[in-house]
>>> print(open('my_file.tsv').read())   # TSV, C-alpha atoms
chain	number	residue	atom	x	y	z
G	1	MET	CA	-5.90	148.48	143.79
G	2	ARG	CA	-2.88	150.62	143.15
G	3	PRO	CA	-1.58	150.42	139.58
G	4	SER	CA	1.82	149.42	140.96
G	5	ASP	CA	0.25	146.29	142.53
G	6	VAL	CA	-1.45	145.06	139.34
G	7	PRO	CA	1.64	143.33	137.87
G	8	THR	CA	2.19	141.51	141.18
G	9	TYR	CA	-1.34	140.08	141.17
G	10	VAL	CA	-1.17	139.17	137.49
G	11	GLU	CA	2.29	137.58	137.76
G	12	ALA	CA	1.19	135.51	140.79
G	13	GLY	CA	-1.90	134.26	138.94
G	14	ALA	CA	-4.37	135.96	141.29
G	15	ALA	CA	-5.66	137.70	138.15
G	16	ASP	CA	-5.45	136.51	134.55
G	17	LEU	CA	-5.54	140.04	133.15
G	18	GLY	CA	-4.86	143.49	134.51
G	19	ILE	CA	-4.58	147.12	133.49
G	20	THR	CA	-1.67	149.28	134.58
G	21	GLY	CA	0.49	152.07	133.20
G	22	LYS	CA	3.51	151.63	130.99
G	23	ASP	CA	5.48	153.55	133.64
G	24	VAL	CA	4.74	150.76	136.15
G	25	LEU	CA	5.81	148.10	133.66
G	26	MET	CA	9.03	149.97	132.94
G	27	GLU	CA	9.84	150.26	136.66
G	28	GLN	CA	8.89	146.62	137.34
G	29	SER	CA	10.56	145.18	134.25
G	30	GLU	CA	11.46	142.01	136.16
G	31	ARG	CA	7.78	141.01	136.39
G	32	ASP	CA	6.84	137.99	134.29
G	33	VAL	CA	3.73	139.35	132.56
G	34	TYR	CA	2.76	139.75	128.93
G	35	GLU	CA	1.94	143.23	127.70
G	36	LEU	CA	-0.95	142.58	125.32
G	37	LEU	CA	-2.32	145.96	124.30
G	38	ASP	CA	-1.75	149.69	124.55
G	39	LEU	CA	-5.21	150.87	125.59
G	40	GLY	CA	-4.47	154.42	124.46
G	41	TYR	CA	-5.78	156.30	127.48
G	42	GLY	CA	-4.17	157.75	130.61
G	43	HIS	CA	-1.54	159.49	128.49
G	44	CYS	CA	1.25	161.09	130.49
G	45	ARG	CA	4.96	161.71	130.15
G	46	MET	CA	7.83	160.70	132.40
G	47	VAL	CA	10.10	163.72	132.58
G	48	LEU	CA	13.17	165.19	134.18
G	49	ALA	CA	12.18	168.49	135.79
G	50	THR	CA	14.03	171.12	137.78
G	51	VAL	CA	13.30	174.58	139.12
G	52	ALA	CA	12.71	177.24	136.49
G	53	GLY	CA	15.61	179.40	135.39
G	54	GLU	CA	19.17	178.16	135.11
G	55	ASP	CA	19.15	174.36	135.38
G	56	PRO	CA	20.52	173.42	138.82
G	57	ALA	CA	20.90	169.76	137.87
G	58	ALA	CA	23.09	170.62	134.89
G	59	GLU	CA	25.12	172.96	137.08
G	60	ALA	CA	25.56	170.26	139.74
G	61	LEU	CA	26.69	167.81	137.09
G	62	ARG	CA	29.20	170.34	135.71
G	63	ARG	CA	30.48	171.38	139.14
G	64	LEU	CA	30.34	168.12	141.12
G	65	GLY	CA	30.11	165.47	138.41
G	66	VAL	CA	26.88	164.09	139.89
G	67	MET	CA	23.24	165.18	140.23
G	68	LEU	CA	20.79	164.39	143.03
G	69	ILE	CA	17.49	163.22	141.53
G	70	ALA	CA	14.33	162.42	143.51
G	71	THR	CA	11.84	159.98	142.02
G	72	LYS	CA	9.23	157.28	142.53
G	73	TYR	CA	10.88	155.49	139.60
G	74	PRO	CA	14.45	154.70	140.72
G	75	ARG	CA	15.11	151.96	138.15
G	76	VAL	CA	13.83	153.92	135.17
G	77	ALA	CA	15.67	157.06	136.29
G	78	ALA	CA	18.96	155.25	136.92
G	79	LYS	CA	18.81	153.56	133.49
G	80	PHE	CA	17.95	156.84	131.74
G	81	PHE	CA	20.92	158.66	133.22
G	82	GLU	CA	23.24	155.70	132.71
G	83	ASP	CA	22.17	155.49	129.05
G	84	THR	CA	22.85	159.22	128.61
G	85	GLY	CA	26.24	159.04	130.34
G	86	ARG	CA	25.41	161.15	133.37
G	87	GLN	CA	26.12	160.31	136.99
G	88	VAL	CA	23.27	160.64	139.43
G	89	GLU	CA	22.45	159.79	142.97
G	90	ILE	CA	18.84	158.63	143.17
G	91	VAL	CA	16.72	159.57	146.17
G	92	GLU	CA	13.59	157.40	146.21
G	93	VAL	CA	10.48	159.15	147.50
G	94	LYS	CA	6.92	157.86	147.71
G	95	GLY	CA	4.85	161.02	147.96
G	96	SER	CA	5.02	164.51	146.48
G	97	VAL	CA	8.17	164.27	144.39
G	98	GLU	CA	7.86	167.88	143.23
G	99	LEU	CA	8.75	169.10	146.73
G	100	ALA	CA	12.28	167.64	146.58
G	101	PRO	CA	13.91	170.51	144.62
G	102	LEU	CA	12.03	173.11	146.66
G	103	THR	CA	13.33	171.72	149.96
G	104	GLY	CA	16.89	171.08	148.80
G	105	LEU	CA	16.54	167.29	148.90
G	106	ALA	CA	17.49	167.03	145.21
G	107	GLU	CA	18.41	169.19	142.23
G	108	GLY	CA	15.82	167.58	139.98
G	109	ILE	CA	13.05	165.04	139.79
G	110	VAL	CA	11.95	162.25	137.49
G	111	ASP	CA	8.16	162.03	137.62
G	112	LEU	CA	5.00	161.68	135.57
G	113	THR	CA	3.13	164.66	134.23
G	114	ALA	CA	-0.03	164.83	132.18
G	115	THR	CA	-0.65	168.57	131.87
G	116	GLY	CA	2.37	170.06	133.63
G	117	THR	CA	0.13	172.01	136.02
G	118	THR	CA	1.56	170.53	139.24
G	119	LEU	CA	5.10	171.12	138.02
G	120	GLU	CA	4.25	174.71	137.11
G	121	GLN	CA	2.52	175.32	140.45
G	122	ASN	CA	5.73	174.26	142.18
G	123	GLY	CA	7.99	176.40	140.00
G	124	LEU	CA	9.37	173.45	138.04
G	125	VAL	CA	9.96	173.09	134.32
G	126	VAL	CA	10.43	170.04	132.13
G	127	ARG	CA	14.04	169.69	131.00
G	128	GLU	CA	13.80	166.34	129.19
G	129	GLU	CA	11.18	163.76	128.28
G	130	ILE	CA	12.15	160.23	129.27
G	131	ALA	CA	9.14	158.20	128.13
G	132	VAL	CA	5.45	158.32	127.28
G	133	SER	CA	3.08	156.22	129.35
G	134	THR	CA	-0.45	155.00	128.65
G	135	ALA	CA	-2.65	152.29	130.16
G	136	ARG	CA	-1.70	148.74	129.14
G	137	LEU	CA	-3.55	145.44	129.25
G	138	ILE	CA	-1.31	142.74	130.72
G	139	ALA	CA	-1.74	138.99	131.11
G	140	ASN	CA	-0.39	136.21	133.24
G	141	PRO	CA	1.78	134.04	130.90
G	142	VAL	CA	0.20	130.75	132.01
G	143	ALA	CA	-3.34	132.11	131.71
G	144	HIS	CA	-2.40	133.49	128.29
G	145	LYS	CA	-1.70	129.92	127.14
G	146	LEU	CA	-4.41	128.02	129.02
G	147	LYS	CA	-7.17	130.58	128.46
G	148	ALA	CA	-6.08	131.80	125.05
G	149	GLN	CA	-9.56	131.83	123.49
G	150	ALA	CA	-11.15	133.75	126.38
G	151	ILE	CA	-8.29	136.28	126.40
G	152	ASP	CA	-8.49	136.65	122.62
G	153	ASP	CA	-12.23	137.30	123.00
G	154	VAL	CA	-11.51	140.07	125.53
G	155	LEU	CA	-8.92	141.60	123.20
G	156	GLU	CA	-11.37	141.48	120.31
G	157	ARG	CA	-14.07	143.21	122.36
G	158	ILE	CA	-11.62	145.90	123.53
G	159	ARG	CA	-10.53	146.51	119.95
G	160	GLY	CA	-14.18	146.92	118.99
G	161	GLY	CA	-14.46	143.81	116.87
>>> encode(input="my_file.tsv", output="structure tokens")
Amino acid sequence: MRPSDVPTYVEAGAADLGITGKDVLMEQSERDVYELLDLGYGHCRMVLATVAGEDPAAEALRRLGVMLIATKYPRVAAKFFEDTGRQVEIVEVKGSVELAPLTGLAEGIVDLTATGTTLEQNGLVVREEIAVSTARLIANPVAHKLKAQAIDDVLERIRGG
């Protein structure tokens, strides 16, 4: 299943445990799941990126007072810019976010990158790091209580004990 669906299944009790990225948990912060363990793999960074050269997002902010940002992570992006005192208009996209600045849809993007290769191939550069994401083990809160011993056993095995 898609990583973005894992918290839904776990919250609903269709699964006691699940594995998804921290980025998904940040975006779906309203989900009632317990984050049990950072599994330490799938490392990537959520970044603000724009076209190389003079930063068009910074210029738009200076000139217009607002930036257009395309992202698959509208909640995380909105909170990041709000916390840093910048006004943005978020354009939510589902597919190839890196195309947004190239087509004029947005001045910048908020997206995940592991190596930076896709950004580089599209003429984009990282301007700021927003968060680091790795795979996380999550649990349904009710299952965490009712099946505590079994879940503790899984945690112990994962930790190598």
>>> atom_distance(input="my_file.tsv", atom1="CA of Leu112 (chain G)", atom2="CA of Leu68 (chain G)")
17.7 Å
>>> atom_distance(input="my_file.tsv", atom1="CA of Val10 (chain G)", atom2="CA of Arg45 (chain G)")
24.5 Å
>>> residues_around(input="my_file.tsv", residues="Ala15 (chain G)", least_positions_apart="5", cutoff="10 Å", atoms="all atoms listed in the file", output="VMD selection string")
chain G and resid 6 to 10 138 to 140 143
>>> write_last_selection(input="my_file.tsv", atoms="C-alpha atoms", output="PDB file, in the frame of the given file")
ATOM      1  CA  VAL G   6      -1.450 145.060 139.340  1.00  0.00           C
ATOM      2  CA  PRO G   7       1.640 143.330 137.870  1.00  0.00           C
ATOM      3  CA  THR G   8       2.190 141.510 141.180  1.00  0.00           C
ATOM      4  CA  TYR G   9      -1.340 140.080 141.170  1.00  0.00           C
ATOM      5  CA  VAL G  10      -1.170 139.170 137.490  1.00  0.00           C
ATOM      6  CA  ILE G 138      -1.310 142.740 130.720  1.00  0.00           C
ATOM      7  CA  ALA G 139      -1.740 138.990 131.110  1.00  0.00           C
ATOM      8  CA  ASN G 140      -0.390 136.210 133.240  1.00  0.00           C
ATOM      9  CA  ALA G 143      -3.340 132.110 131.710  1.00  0.00           C
TER      10      ALA G 143
END
>>> closest_residue(input="my_file.tsv", among="G:Asp16, G:Glu107, G:Glu27, G:Asp152", to="Ala78 (chain G)", atoms="all atoms listed in the file")
G:Glu27
>>> closest_residue(input="my_file.tsv", among="G:Met26, G:Val126, G:Leu36, G:Val91", to="Arg159 (chain G)", atoms="all atoms listed in the file")
G:Leu36
>>> closest_residue(input="my_file.tsv", among="G:Thr50, G:Gln121, G:Gln149, G:Ser4", to="Arg31 (chain G)", atoms="all atoms listed in the file")
G:Ser4
>>> decode(input="my_file.tsv", residues="region 134-157 of chain G", atoms="N, CA and C atoms", output="short mmCIF file (atom, residue, chain, number, x, y, z; two decimals), in the first residue's frame")
data_model
loop_
_atom_site.label_atom_id
_atom_site.label_comp_id
_atom_site.auth_asym_id
_atom_site.auth_seq_id
_atom_site.Cartn_x
_atom_site.Cartn_y
_atom_site.Cartn_z
N THR G 134 12.64 9.61 8.06
CA THR G 134 13.05 8.22 7.98
C THR G 134 11.80 7.36 8.22
N ALA G 135 11.92 6.07 8.00
CA ALA G 135 10.81 5.15 8.22
C ALA G 135 10.52 5.03 9.71
N ARG G 136 9.22 4.99 10.05
CA ARG G 136 8.79 4.91 11.44
C ARG G 136 7.82 3.76 11.63
N LEU G 137 7.95 3.08 12.77
CA LEU G 137 6.99 2.05 13.16
C LEU G 137 5.89 2.75 13.95
N ILE G 138 4.64 2.55 13.53
CA ILE G 138 3.51 3.16 14.22
C ILE G 138 2.56 2.08 14.70
N ALA G 139 1.75 2.44 15.71
CA ALA G 139 0.81 1.48 16.29
C ALA G 139 -0.56 2.13 16.48
N ASN G 140 -1.57 1.30 16.40
CA ASN G 140 -2.91 1.69 16.77
C ASN G 140 -2.94 1.84 18.29
N PRO G 141 -3.47 2.93 18.84
CA PRO G 141 -3.45 3.14 20.30
C PRO G 141 -4.15 2.04 21.09
N VAL G 142 -5.27 1.54 20.59
CA VAL G 142 -6.00 0.49 21.31
C VAL G 142 -5.19 -0.81 21.28
N ALA G 143 -4.67 -1.16 20.11
CA ALA G 143 -3.84 -2.37 20.00
C ALA G 143 -2.61 -2.25 20.89
N HIS G 144 -2.07 -1.04 20.99
CA HIS G 144 -0.88 -0.82 21.82
C HIS G 144 -1.16 -1.18 23.27
N LYS G 145 -2.38 -0.94 23.72
CA LYS G 145 -2.75 -1.29 25.11
C LYS G 145 -3.13 -2.77 25.23
N LEU G 146 -4.00 -3.22 24.32
CA LEU G 146 -4.54 -4.58 24.44
C LEU G 146 -3.53 -5.66 24.04
N LYS G 147 -2.61 -5.33 23.18
CA LYS G 147 -1.62 -6.29 22.69
C LYS G 147 -0.20 -5.84 23.03
N ALA G 148 -0.08 -5.25 24.21
CA ALA G 148 1.19 -4.65 24.63
C ALA G 148 2.36 -5.64 24.57
N GLN G 149 2.16 -6.84 25.08
CA GLN G 149 3.25 -7.82 25.12
C GLN G 149 3.70 -8.20 23.71
N ALA G 150 2.75 -8.47 22.83
CA ALA G 150 3.09 -8.84 21.44
C ALA G 150 3.81 -7.68 20.73
N ILE G 151 3.34 -6.47 20.95
CA ILE G 151 3.99 -5.31 20.32
C ILE G 151 5.38 -5.09 20.91
N ASP G 152 5.51 -5.25 22.22
CA ASP G 152 6.83 -5.15 22.84
C ASP G 152 7.79 -6.20 22.29
N ASP G 153 7.27 -7.40 22.04
CA ASP G 153 8.10 -8.47 21.45
C ASP G 153 8.58 -8.07 20.06
N VAL G 154 7.70 -7.47 19.26
CA VAL G 154 8.08 -7.01 17.92
C VAL G 154 9.16 -5.93 18.03
N LEU G 155 8.96 -5.00 18.93
CA LEU G 155 9.95 -3.92 19.13
C LEU G 155 11.30 -4.51 19.53
N GLU G 156 11.28 -5.46 20.43
CA GLU G 156 12.51 -6.10 20.89
C GLU G 156 13.24 -6.78 19.74
N ARG G 157 12.49 -7.50 18.90
CA ARG G 157 13.10 -8.17 17.76
C ARG G 157 13.68 -7.16 16.76
#
